[in-house]
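Structure file final-v4.txt (compact mmCIF, C-alpha atoms) follows.
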# COMPACT_ATOMS: atom_id res chain seq x y z
CA MET A 13 -123.65 24.23 -17.98
CA THR A 14 -120.55 22.23 -18.90
CA ALA A 15 -118.88 20.14 -16.21
CA ASP A 16 -121.69 20.77 -13.74
CA ALA A 17 -120.49 24.28 -13.03
CA SER A 18 -122.73 26.40 -10.83
CA PRO A 19 -123.93 29.89 -11.83
CA ASP A 20 -121.28 31.42 -9.59
CA ASP A 21 -118.56 29.70 -11.58
CA THR A 22 -119.09 32.04 -14.54
CA SER A 23 -119.53 35.32 -12.68
CA GLY A 24 -117.82 38.09 -14.59
CA VAL A 25 -117.82 36.16 -17.86
CA PRO A 26 -119.38 38.02 -20.80
CA ALA A 27 -122.78 36.43 -21.45
CA ALA A 28 -122.17 36.24 -25.19
CA ALA A 29 -118.94 34.32 -24.69
CA THR A 30 -120.24 31.66 -22.36
CA PRO A 31 -122.46 29.64 -24.76
CA ALA A 32 -119.69 29.46 -27.37
CA LEU A 33 -117.16 28.39 -24.78
CA ASP A 34 -119.61 25.89 -23.30
CA ALA A 35 -120.02 24.28 -26.72
CA LEU A 36 -116.27 24.06 -27.31
CA ILE A 37 -115.58 22.69 -23.84
CA GLU A 38 -118.39 20.16 -24.14
CA GLU A 39 -117.01 18.95 -27.47
CA HIS A 40 -113.54 18.39 -26.06
CA LEU A 41 -114.57 17.21 -22.58
CA PRO A 42 -114.03 13.44 -23.20
CA SER A 43 -110.52 13.97 -24.55
CA LEU A 44 -109.77 16.49 -21.78
CA ASN A 45 -110.83 13.89 -19.22
CA ALA A 46 -108.61 11.30 -20.92
CA TYR A 47 -105.70 13.74 -20.99
CA VAL A 48 -105.97 14.54 -17.29
CA ARG A 49 -106.29 10.86 -16.34
CA VAL A 50 -103.16 9.93 -18.30
CA ARG A 51 -101.16 12.94 -17.16
CA THR A 52 -101.90 12.75 -13.44
CA GLY A 53 -100.25 9.40 -12.86
CA ALA A 54 -101.17 6.76 -10.34
CA LYS A 55 -99.68 8.63 -7.37
CA LEU A 56 -101.56 11.88 -7.87
CA GLY A 57 -104.66 10.05 -9.02
CA THR A 58 -105.15 8.58 -5.57
CA LYS A 59 -105.01 12.01 -3.96
CA GLU A 60 -107.07 14.14 -6.32
CA SER A 61 -110.37 13.50 -8.01
CA ILE A 62 -109.90 13.41 -11.78
CA SER A 63 -113.36 14.90 -12.13
CA ASP A 64 -112.44 17.78 -9.82
CA LEU A 65 -109.34 18.59 -11.87
CA VAL A 66 -111.31 18.54 -15.12
CA GLN A 67 -114.13 20.66 -13.72
CA SER A 68 -111.68 23.09 -12.18
CA THR A 69 -110.04 23.54 -15.57
CA CYS A 70 -113.40 24.15 -17.24
CA ARG A 71 -114.43 26.68 -14.60
CA GLU A 72 -111.18 28.60 -14.99
CA VAL A 73 -111.62 28.73 -18.76
CA LEU A 74 -115.10 30.17 -18.31
CA ARG A 75 -113.94 32.69 -15.69
CA THR A 76 -111.13 33.90 -17.96
CA ALA A 77 -113.16 33.99 -21.18
CA ASP A 78 -111.63 37.33 -22.12
CA LYS A 79 -108.19 35.66 -22.25
CA VAL A 80 -109.16 32.85 -24.61
CA PRO A 81 -106.80 33.16 -27.59
CA ASN A 82 -108.22 33.92 -31.01
CA VAL A 83 -107.29 30.58 -32.58
CA ASP A 84 -108.96 27.81 -34.55
CA GLU A 85 -110.55 24.81 -32.84
CA ALA A 86 -107.31 22.82 -32.80
CA GLY A 87 -105.56 25.80 -31.21
CA PHE A 88 -108.30 26.12 -28.60
CA LYS A 89 -108.01 22.43 -27.74
CA TYR A 90 -104.26 22.79 -27.24
CA TRP A 91 -104.81 25.88 -25.05
CA LEU A 92 -107.47 24.06 -23.03
CA PHE A 93 -105.11 21.16 -22.38
CA THR A 94 -102.35 23.60 -21.44
CA MET A 95 -104.66 25.03 -18.79
CA ALA A 96 -105.28 21.51 -17.49
CA GLU A 97 -101.54 20.83 -17.44
CA ARG A 98 -101.00 23.85 -15.20
CA LYS A 99 -103.64 22.56 -12.81
CA ILE A 100 -101.94 19.18 -12.68
CA LEU A 101 -98.49 20.67 -12.07
CA ASN A 102 -99.85 22.84 -9.27
CA LYS A 103 -101.41 19.79 -7.62
CA VAL A 104 -98.19 17.82 -7.95
CA ARG A 105 -96.22 20.63 -6.30
CA HIS A 106 -98.87 20.82 -3.59
CA TRP A 107 -98.59 17.15 -2.70
CA GLU A 108 -94.82 17.02 -3.03
CA ALA A 109 -94.61 19.90 -0.56
CA GLY A 110 -96.29 17.60 1.96
CA LYS A 111 -99.16 19.97 2.73
CA ARG A 112 -101.54 17.03 3.18
CA ASP A 113 -101.09 13.56 4.58
CA GLN A 114 -104.22 11.76 3.53
CA GLY A 115 -105.32 11.07 -0.04
CA ARG A 116 -108.61 10.12 -1.52
CA GLU A 117 -109.43 7.86 -4.39
CA ALA A 118 -110.85 9.37 -7.55
CA GLY A 119 -114.60 8.88 -7.82
CA GLY A 120 -116.26 6.51 -10.25
CA MET A 121 -117.93 7.43 -13.50
CA SER A 122 -121.10 6.56 -15.32
CA VAL A 123 -121.23 4.03 -18.14
CA VAL A 124 -121.68 6.84 -20.67
CA GLU A 125 -118.67 8.71 -19.29
CA GLY A 126 -116.63 5.53 -19.42
CA GLN A 127 -117.63 4.88 -23.01
CA ARG A 128 -116.73 8.42 -24.04
CA LEU A 129 -113.40 8.05 -22.26
CA MET A 130 -112.63 4.85 -24.15
CA GLN A 131 -113.50 6.61 -27.40
CA SER A 132 -110.80 9.16 -26.57
CA TYR A 133 -108.35 6.31 -26.15
CA GLY A 134 -109.49 4.83 -29.45
CA GLY A 135 -106.66 6.47 -31.37
CA PHE A 136 -104.14 4.17 -29.78
CA HIS A 137 -106.19 1.29 -28.37
CA SER A 138 -108.96 -1.05 -29.50
CA PRO A 139 -110.94 -2.42 -26.53
CA SER A 140 -110.89 -6.16 -25.97
CA HIS A 141 -114.13 -7.84 -26.98
CA GLY A 142 -116.36 -8.47 -23.99
CA ALA A 143 -114.07 -6.68 -21.56
CA VAL A 144 -115.59 -4.95 -18.53
CA LEU A 145 -115.45 -1.21 -19.21
CA SER A 146 -113.93 -0.18 -15.88
CA ASP A 147 -111.32 -2.94 -16.12
CA GLU A 148 -110.43 -1.90 -19.65
CA ILE A 149 -109.97 1.74 -18.66
CA GLU A 150 -107.76 0.72 -15.75
CA ARG A 151 -105.72 -1.55 -18.03
CA VAL A 152 -105.16 1.15 -20.65
CA GLU A 153 -104.21 3.83 -18.14
CA GLY A 154 -102.01 1.45 -16.18
CA SER A 155 -100.22 0.49 -19.39
CA MET A 156 -99.72 4.12 -20.35
CA HIS A 157 -98.07 4.81 -17.00
CA LYS A 158 -95.63 1.96 -17.58
CA LEU A 159 -94.25 3.71 -20.66
CA PRO A 160 -91.11 5.86 -20.52
CA GLU A 161 -91.97 9.54 -20.15
CA ASP A 162 -91.08 10.51 -23.73
CA TYR A 163 -93.14 7.59 -25.12
CA ARG A 164 -96.17 8.62 -23.08
CA GLU A 165 -95.67 12.27 -24.01
CA VAL A 166 -95.63 11.70 -27.75
CA ILE A 167 -98.76 9.51 -27.62
CA VAL A 168 -100.61 12.07 -25.50
CA LEU A 169 -99.64 14.99 -27.73
CA HIS A 170 -100.57 13.19 -30.95
CA HIS A 171 -103.64 11.15 -30.01
CA LEU A 172 -105.22 13.17 -27.19
CA VAL A 173 -104.11 16.75 -27.80
CA GLY A 174 -104.27 16.19 -31.55
CA LEU A 175 -101.04 17.94 -32.51
CA PRO A 176 -99.48 17.17 -35.90
CA HIS A 177 -95.96 15.74 -36.00
CA LYS A 178 -94.49 19.13 -36.92
CA GLU A 179 -95.85 20.83 -33.80
CA ILE A 180 -94.90 17.89 -31.57
CA ALA A 181 -91.35 18.22 -32.91
CA VAL A 182 -91.27 21.83 -31.67
CA ALA A 183 -92.83 20.94 -28.30
CA MET A 184 -90.41 18.06 -27.71
CA ASP A 185 -87.37 19.74 -29.30
CA ARG A 186 -86.86 16.96 -31.84
CA SER A 187 -86.90 16.67 -35.59
CA GLU A 188 -90.17 15.70 -37.26
CA THR A 189 -88.59 12.44 -38.41
CA ALA A 190 -87.49 11.68 -34.86
CA VAL A 191 -91.02 12.33 -33.61
CA ARG A 192 -92.51 9.93 -36.16
CA GLN A 193 -90.01 7.26 -35.12
CA LEU A 194 -90.62 7.89 -31.43
CA LEU A 195 -94.40 7.65 -31.88
CA SER A 196 -94.06 4.39 -33.77
CA LYS A 197 -91.86 2.89 -31.06
CA ALA A 198 -94.12 4.20 -28.30
CA LEU A 199 -97.24 2.67 -29.84
CA ALA A 200 -95.47 -0.64 -30.41
CA ARG A 201 -94.33 -0.70 -26.77
CA LEU A 202 -97.84 0.17 -25.58
CA VAL A 203 -99.33 -2.68 -27.63
CA ARG A 204 -96.89 -5.14 -26.06
CA ILE A 205 -97.70 -3.93 -22.55
CA LEU A 206 -101.44 -4.12 -23.22
CA ARG A 207 -101.15 -7.64 -24.59
CA THR A 208 -99.17 -8.74 -21.56
CA SER A 209 -101.69 -7.20 -19.16
CA GLU A 210 -104.55 -8.85 -21.05
CA LYS A 211 -102.88 -12.25 -20.76
CA ASP A 212 -102.22 -11.70 -17.06
CA SER A 213 -105.87 -10.77 -16.45
CA THR A 214 -107.17 -13.92 -18.14
CA SER A 215 -104.63 -16.37 -16.73
Go ahead and express the file in the form of structure tokens.
Amino acid sequence: MTADASPDDTSGVPAAATPALDALIEEHLPSLNAYVRVRTGAKLGTKESISDLVQSTCREVLRTADKVPNVDEAGFKYWLFTMAERKILNKVRHWEAGKRDQGREAGGMSVVEGQRLMQSYGGFHSPSHGAVLSDEIERVEGSMHKLPEDYREVIVLHHLVGLPHKEIAVAMDRSETAVRQLLSKALARLVRILRTSEKDSTS
């Protein structure tokens, strides 16, 4: 089962719906993982396991199979990421409310998981030749979190969620032309930050 869910995780889900959902979730799992990692931020990332957030999202999708909208694959991906966003916001509210004092670092990942994660970042980043995978992931995510919020948002929506410029314009309440310009500026800024971090790491 996707995301290591146990049999109990899909109790109440129509049997015919589960395999189809499993296949869709499995297909989008790397980009979902990338989305959650970028959206959580460094502060929340030290308190919640990225893997737990991703798996929790997948389990909720399976439990609420009857509520999955009748949309195409792109629409399903957007809905899946919206579910993840709700999880993240709930966790942020939880920690901001001060309900816990101690955090925990997010767990590591396998080489295969790391490679799939970097593939999800491939739309806006080309890995440095010979770079250590874990270091490269940390560098990309750290650079993303240094971007202004609207820069990070437009990159996430276009390259991870996969929305076209027209739909991003609606989501961000901007014109399509403004979105294209914002995305161009955001990617240029990200490249500069990545280059600086690469120089710092080799100096």
Each residue of stretch 37-77 of chain A with at least one atom at most 10 Å from stretch 127-149 of chain A should appear once, together with its nearest atom pair and the corresponding distance in Å (one decimal); atoms considered: only C-alpha atoms; ordering: chain, then increasing residue number; output as JSON lines.
{"residue": "A:His40", "atom": "CA", "partner": "A:Ser132", "partner_atom": "CA", "distance": 9.6}
{"residue": "A:Leu41", "atom": "CA", "partner": "A:Arg128", "partner_atom": "CA", "distance": 9.2}
{"residue": "A:Pro42", "atom": "CA", "partner": "A:Leu129", "partner_atom": "CA", "distance": 5.5}
{"residue": "A:Ser43", "atom": "CA", "partner": "A:Ser132", "partner_atom": "CA", "distance": 5.2}
{"residue": "A:Leu44", "atom": "CA", "partner": "A:Ser132", "partner_atom": "CA", "distance": 8.8}
{"residue": "A:Asn45", "atom": "CA", "partner": "A:Leu129", "partner_atom": "CA", "distance": 7.1}
{"residue": "A:Ala46", "atom": "CA", "partner": "A:Leu129", "partner_atom": "CA", "distance": 5.9}
{"residue": "A:Tyr47", "atom": "CA", "partner": "A:Ser132", "partner_atom": "CA", "distance": 8.8}
{"residue": "A:Arg49", "atom": "CA", "partner": "A:Leu129", "partner_atom": "CA", "distance": 9.7}
For this session: Quote the spacing between atom CA of A:Lys89 and atom CA of A:Val182 in Å to one decimal place.
Result: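 So the two atoms, atom CA of A:Lys89 and atom CA of A:Val182, lie 17.2 Å apart.
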Problem set entry | Minimum-distance residue to A:Leu101, chosen among A:Gly126, A:Cys70, A:Val80, A:Val48 (using all atoms listed in the file) |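 Residue with the minimum atom-to-atom distance to A:Leu101: A:Val48.
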For this session: Could you tell me which of A:Glu97, A:Glu72, A:Glu125, A:Glu188 comes closest to A:Leu33 if we count all atoms listed in the file?
Result: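 Between A:Glu97, A:Glu72, A:Glu125, A:Glu188, the residue approaching A:Leu33 most closely is A:Glu72.
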Exercise. Any idea what's packed within 9 Å of A:Met95, counting all atoms listed in the file, ignoring anything in its chain fewer than 2 positions away? Could you give it as number ranges by chain?
Worked result: A: 69-70, 72-73, 90-93, 97-100
